[in-house]
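Enquirer: Contents of input.txt (compact mmCIF, C-alpha atoms and all ligand atoms) are given next:
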# COMPACT_ATOMS: atom_id res chain seq x y z
CA MET A 529 33.22 97.39 160.32
CA THR A 530 36.87 97.67 161.12
CA CYS A 531 37.64 95.47 158.12
CA THR A 532 35.45 97.60 155.82
CA LEU A 533 37.20 100.79 156.96
CA PHE A 534 40.58 99.22 156.36
CA ASN A 535 39.52 98.19 152.86
CA LEU A 536 38.37 101.72 152.06
CA LEU A 537 41.68 103.19 153.23
CA LEU A 538 43.61 100.67 151.17
CA LEU A 539 41.49 101.47 148.09
CA SER A 540 42.12 105.20 148.55
CA LEU A 541 45.84 104.62 148.85
CA VAL A 542 45.95 102.55 145.62
CA LEU A 543 43.93 105.13 143.71
CA GLY A 544 46.22 107.85 144.97
CA VAL A 545 49.29 106.05 143.75
CA LEU A 546 47.72 105.36 140.35
CA GLY A 547 46.80 108.99 140.08
CA GLN A 548 50.44 110.03 140.47
CA SER A 549 51.91 107.46 138.10
CA GLN A 550 49.60 107.93 135.15
CA PRO A 551 48.71 111.07 133.17
CA SER A 552 45.37 112.54 133.87
CA GLY A 553 44.10 111.77 130.38
CA GLN A 554 45.29 115.03 128.88
CA PRO A 555 47.31 114.54 125.62
CA GLN A 556 51.03 114.64 126.22
CA PRO A 557 53.05 117.29 124.33
CA THR A 558 54.75 115.88 121.24
CA SER A 559 58.56 116.22 121.17
CA ASN A 560 60.18 117.95 118.18
CA ILE A 561 62.01 115.37 115.96
CA THR A 562 65.25 117.32 116.23
CA ASP A 563 65.19 116.70 119.91
CA VAL A 564 65.34 112.92 119.36
CA LYS A 565 68.88 111.72 119.98
CA PRO A 566 70.10 108.15 119.52
CA PRO A 567 71.52 106.54 122.61
CA ALA A 568 75.29 106.91 122.89
CA GLU A 569 75.73 103.15 123.18
CA ASN A 570 74.16 102.71 119.72
CA ILE A 571 76.66 105.12 118.15
CA THR A 572 79.57 103.35 119.81
CA GLY A 573 78.30 99.99 118.62
CA ALA A 574 77.92 101.19 115.03
CA LEU A 575 81.40 102.66 115.02
CA ASN A 576 82.89 99.45 116.37
CA GLU A 577 81.06 97.46 113.69
CA LEU A 578 82.32 99.83 110.99
CA LYS A 579 85.84 99.55 112.36
CA GLY A 580 85.59 95.77 112.19
CA ILE A 581 84.44 95.94 108.56
CA LEU A 582 87.32 98.21 107.62
CA THR A 583 89.81 95.90 109.34
CA ARG A 584 88.47 92.90 107.44
CA MET A 585 88.58 94.84 104.15
CA GLU A 586 92.18 95.86 104.83
CA SER A 587 93.08 92.21 105.48
CA ILE A 588 91.37 91.11 102.26
CA LEU A 589 93.22 93.76 100.22
CA THR A 590 96.55 92.80 101.78
CA ASN A 591 96.01 89.11 100.99
CA THR A 592 94.91 89.95 97.45
CA SER A 593 98.03 92.02 96.86
CA GLU A 594 100.28 89.23 98.16
CA ASN A 595 98.48 86.59 96.09
CA THR A 596 98.78 88.78 92.99
CA ARG A 597 102.52 89.17 93.58
CA ARG A 598 102.96 85.40 94.01
CA LEU A 599 100.94 84.73 90.86
CA ALA A 600 103.04 87.19 88.86
CA THR A 601 106.25 85.58 90.14
CA ALA A 602 104.96 82.11 89.23
CA VAL A 603 103.98 83.26 85.74
CA LEU A 604 107.37 84.91 85.20
CA HIS A 605 109.15 81.78 86.42
CA ASN A 606 107.02 79.55 84.19
CA PHE A 607 107.94 81.65 81.17
CA ASN A 608 111.64 81.57 82.08
CA CYS A 609 111.52 85.20 83.15
CA THR A 610 112.50 87.43 85.97
CA GLU A 611 111.24 90.94 86.51
CA LYS A 612 114.24 92.12 84.48
CA ILE A 613 114.36 89.75 81.53
CA CYS A 614 112.68 86.85 79.76
CA CYS A 615 114.86 84.17 78.17
CA PRO A 616 113.39 82.87 74.90
CA TYR A 617 114.14 79.33 73.79
CA PRO A 618 116.82 77.97 73.50
CA TYR A 619 118.28 80.32 76.12
CA SER A 620 118.16 79.43 79.78
CA ARG A 621 117.88 81.85 82.68
CA VAL A 622 120.92 81.96 84.97
CA VAL A 623 120.38 84.42 87.82
CA ASP A 624 119.29 87.48 85.80
CA GLU A 625 120.93 86.57 82.50
CA CYS A 626 120.13 84.31 79.53
CA PHE A 627 122.69 81.82 78.22
CA TYR A 628 122.95 79.08 75.64
CA VAL A 629 125.78 76.55 75.61
CA SER A 630 126.44 75.25 72.11
CA SER A 631 126.69 71.59 71.23
CA ILE A 632 128.74 72.35 68.14
CA SER A 633 132.23 73.83 67.97
CA LEU A 634 133.35 76.88 66.00
CA ASN A 635 136.17 79.41 66.09
CA TRP A 636 135.64 82.75 67.85
CA PRO A 637 134.43 84.85 64.84
CA ASP A 638 132.08 82.13 63.60
CA ALA A 639 130.79 81.51 67.10
CA ARG A 640 129.99 85.19 67.45
CA GLN A 641 128.14 85.18 64.13
CA TYR A 642 126.18 82.13 65.33
CA CYS A 643 125.18 83.89 68.56
CA GLN A 644 124.20 87.08 66.73
CA GLY A 645 122.01 84.91 64.52
CA MET A 646 120.22 83.91 67.72
CA THR A 647 119.47 87.57 68.57
CA GLY A 648 122.35 87.54 71.01
CA ASP A 649 126.12 87.71 71.18
CA LEU A 650 128.97 85.79 72.72
CA ALA A 651 128.48 85.75 76.48
CA SER A 652 129.54 88.70 78.63
CA PRO A 653 128.50 87.28 82.01
CA ARG A 654 128.04 89.51 85.02
CA ASN A 655 127.73 86.41 87.18
CA LEU A 656 130.64 84.33 85.88
CA TYR A 657 130.37 81.70 88.61
CA GLY A 658 126.65 81.35 87.87
CA LEU A 659 127.50 80.75 84.21
CA LYS A 660 130.24 78.30 85.20
CA SER A 661 127.74 76.31 87.29
CA PHE A 662 125.27 76.34 84.41
CA ILE A 663 127.89 75.07 81.93
CA ILE A 664 128.93 72.27 84.28
CA SER A 665 125.32 71.21 84.89
CA THR A 666 124.37 71.21 81.20
CA ALA A 667 127.60 70.32 79.37
CA GLY A 668 130.02 69.07 82.00
CA TYR A 669 133.60 70.18 82.50
CA ILE A 670 134.52 71.77 79.19
CA LYS A 671 136.33 74.68 77.64
CA ALA A 672 134.10 77.15 75.83
CA ILE A 673 134.46 80.45 74.02
CA LEU A 674 133.12 83.56 75.78
CA GLY A 675 132.63 87.11 74.55
CA GLY A 676 135.84 88.57 75.89
CA LYS A 677 138.61 90.04 73.78
CA ASN A 678 141.72 92.18 73.82
CA ASN A 679 141.08 94.80 71.18
CA THR A 680 144.52 96.29 71.67
CA PRO A 681 146.93 93.33 71.57
CA GLY A 682 149.92 93.73 73.79
CA THR A 683 147.97 95.63 76.41
CA SER A 684 145.95 94.46 79.39
CA GLU A 685 142.77 96.07 78.10
CA TRP A 686 140.55 93.01 78.14
CA THR A 687 136.86 93.73 77.78
CA TRP A 688 133.58 91.89 77.42
CA MET A 689 131.38 92.38 74.37
CA ASP A 690 129.24 94.88 76.30
CA GLY A 691 132.33 97.04 76.97
CA ARG A 692 132.85 96.20 80.64
CA PRO A 693 136.44 95.47 81.66
CA ILE A 694 137.19 91.86 82.54
CA ASN A 695 137.89 91.46 86.26
CA SER A 696 141.57 90.52 86.50
CA SER A 697 140.87 88.23 89.49
CA LEU A 698 139.04 85.78 87.22
CA TRP A 699 142.02 84.73 85.07
CA ALA A 700 143.36 81.23 85.60
CA PHE A 701 146.80 80.94 87.20
CA GLY A 702 149.44 82.34 84.81
CA GLU A 703 146.84 83.78 82.40
CA PRO A 704 146.53 85.72 80.24
CA ASN A 705 149.87 84.54 78.90
CA ASP A 706 149.50 85.03 75.12
CA TYR A 707 151.17 81.64 74.77
CA SER A 708 150.99 81.46 70.98
CA GLY A 709 151.52 85.14 70.44
CA THR A 710 148.00 85.38 68.97
CA GLU A 711 145.88 84.88 72.07
CA ILE A 712 143.47 87.78 72.12
CA CYS A 713 140.16 85.90 72.60
CA VAL A 714 138.73 84.65 75.88
CA ASP A 715 137.51 81.19 76.79
CA ILE A 716 136.48 79.52 80.02
CA ASP A 717 137.76 76.28 81.52
CA THR A 718 135.15 75.01 83.97
CA ASN A 719 137.71 72.62 85.46
CA MET A 720 139.48 75.58 86.99
CA HIS A 721 138.45 77.64 89.99
CA LEU A 722 139.87 80.79 88.44
CA MET A 723 138.69 79.97 84.98
CA LEU A 724 139.42 82.52 82.25
CA ASN A 725 142.10 81.98 79.62
CA ASP A 726 143.32 83.90 76.60
CA ASP A 727 143.39 81.78 73.48
CA SER A 728 143.70 81.96 69.73
CA CYS A 729 140.57 83.30 68.09
CA LEU A 730 140.94 80.54 65.48
CA LYS A 731 140.77 77.71 67.99
CA ILE A 732 137.62 75.66 67.40
CA GLN A 733 135.65 75.11 70.61
CA ARG A 734 132.18 75.03 72.01
CA PHE A 735 130.86 78.46 72.89
CA VAL A 736 128.36 80.31 75.04
CA CYS A 737 125.80 82.77 73.66
CA GLN A 738 123.95 85.37 75.70
CA TYR A 739 120.57 86.86 74.92
CA TYR A 740 119.88 90.53 75.49
CA SER A 741 116.25 91.63 75.64
CA PRO A 742 115.25 94.37 73.17
CA LYS A 743 115.40 97.87 74.69
CA CA A 801 146.49 81.50 77.45
Have the structure of the file written as structure tokens, please.

Expert:
Amino acid sequence: MTCTLFNLLLLSLVLGVLGQSQPSGQPQPTSNITDVKPPAENITGALNELKGILTRMESILTNTSENTRRLATAVLHNFNCTEKICCPYPYSRVVDECFYVSSISLNWPDARQYCQGMTGDLASPRNLYGLKSFIISTAGYIKAILGGKNNTPGTSEWTWMDGRPINSSLWAFGEPNDYSGTEICVDIDTNMHLMLNDDSCLKIQRFVCQYYSPK
């Protein structure tokens, strides 16, 4: 009897608990859709994922830009070019200039005509030591005509073909000396550290042409 009473009390207690935890069978009110809000952790996760995507895209674009730059540099180098100038055959690129060292020998006026026939002129190097190194590596230690001249003999107004004054620190020791009294044309002696010399325009020598890209 005692056991039966205990069982009844236990059953009542369970039913009471179930009655509190579950709805009474009446339909629950439906929430308005505008009241539905995504959990904050989902928004944070989506933003982090988007941030990761943007970071990867930025990395891809950066690598693409760098690879494009390297490709352009390689193409320019392959075609004997820099960003400033391309050197068509038979010119060679020396720093940012294009030079050709002749195998034949001519006097200064004929050498200039030869260079102009190659869409160039006698060399007016901005990087004289670069040109000197190029001459030595391709032709050895030689003397060669350059595009420098004194258009007003008897003065020190030495200029390159492009009109720039010739730097006086580049003359060889004792030059220009106008030794023959007719030395108004410039040549280079690659044996010398200071390498420029005034010489007769009629002296037959090898020469250096320079190419100028069309403007
Ligand atoms: Ca001289």

Enquirer: At a cut-off of 12 Å and counting only C-alpha atoms and all ligand atoms, what residues surround ligand CA 801 (chain A)? Please answer as a PyMOL selection string.

Expert: chain A and resi 699-717+723-729+731

Enquirer: Can I get the selected residues back with C-alpha atoms, as a PDB file, in the frame of the given file?

Expert:
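Contents of out20.pdb, freshly written:
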ATOM      1  CA  TRP A 699     142.020  84.730  85.070  1.00  0.00           C
ATOM      2  CA  ALA A 700     143.360  81.230  85.600  1.00  0.00           C
ATOM      3  CA  PHE A 701     146.800  80.940  87.200  1.00  0.00           C
ATOM      4  CA  GLY A 702     149.440  82.340  84.810  1.00  0.00           C
ATOM      5  CA  GLU A 703     146.840  83.780  82.400  1.00  0.00           C
ATOM      6  CA  PRO A 704     146.530  85.720  80.240  1.00  0.00           C
ATOM      7  CA  ASN A 705     149.870  84.540  78.900  1.00  0.00           C
ATOM      8  CA  ASP A 706     149.500  85.030  75.120  1.00  0.00           C
ATOM      9  CA  TYR A 707     151.170  81.640  74.770  1.00  0.00           C
ATOM     10  CA  SER A 708     150.990  81.460  70.980  1.00  0.00           C
ATOM     11  CA  GLY A 709     151.520  85.140  70.440  1.00  0.00           C
ATOM     12  CA  THR A 710     148.000  85.380  68.970  1.00  0.00           C
ATOM     13  CA  GLU A 711     145.880  84.880  72.070  1.00  0.00           C
ATOM     14  CA  ILE A 712     143.470  87.780  72.120  1.00  0.00           C
ATOM     15  CA  CYS A 713     140.160  85.900  72.600  1.00  0.00           C
ATOM     16  CA  VAL A 714     138.730  84.650  75.880  1.00  0.00           C
ATOM     17  CA  ASP A 715     137.510  81.190  76.790  1.00  0.00           C
ATOM     18  CA  ILE A 716     136.480  79.520  80.020  1.00  0.00           C
ATOM     19  CA  ASP A 717     137.760  76.280  81.520  1.00  0.00           C
ATOM     20  CA  MET A 723     138.690  79.970  84.980  1.00  0.00           C
ATOM     21  CA  LEU A 724     139.420  82.520  82.250  1.00  0.00           C
ATOM     22  CA  ASN A 725     142.100  81.980  79.620  1.00  0.00           C
ATOM     23  CA  ASP A 726     143.320  83.900  76.600  1.00  0.00           C
ATOM     24  CA  ASP A 727     143.390  81.780  73.480  1.00  0.00           C
ATOM     25  CA  SER A 728     143.700  81.960  69.730  1.00  0.00           C
ATOM     26  CA  CYS A 729     140.570  83.300  68.090  1.00  0.00           C
ATOM     27  CA  LYS A 731     140.770  77.710  67.990  1.00  0.00           C
TER      28      LYS A 731
END

Enquirer: Please put the answer as AutoDock Vina command-line options: centre and edge lengths, in Å with one decimal, of a box along x, y and z that encloses all listed atoms of region 593-612 of chain A plus 6 Å on each side.

Expert:
--center_x 106.1 --center_y 85.8 --center_z 89.7 --size_x 28.2 --size_y 24.6 --size_z 29.0

Enquirer: By how many Å are CA of Arg621 (chain A) and CA of Tyr740 (chain A) apart?

Expert: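 It comes out at 11.4 Å.
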
Enquirer: Have a look at CA of Ser684 (chain A) and CA of Asn635 (chain A) and let me know their distance in Å, one decimal.

Expert: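 So the two atoms, CA of Ser684 (chain A) and CA of Asn635 (chain A), lie 22.3 Å apart.
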
Enquirer: For CA of Ser697 (chain A) and CA of Ile664 (chain A), quote the distance in Å rounded to one decimal.

Expert: 20.6 Å
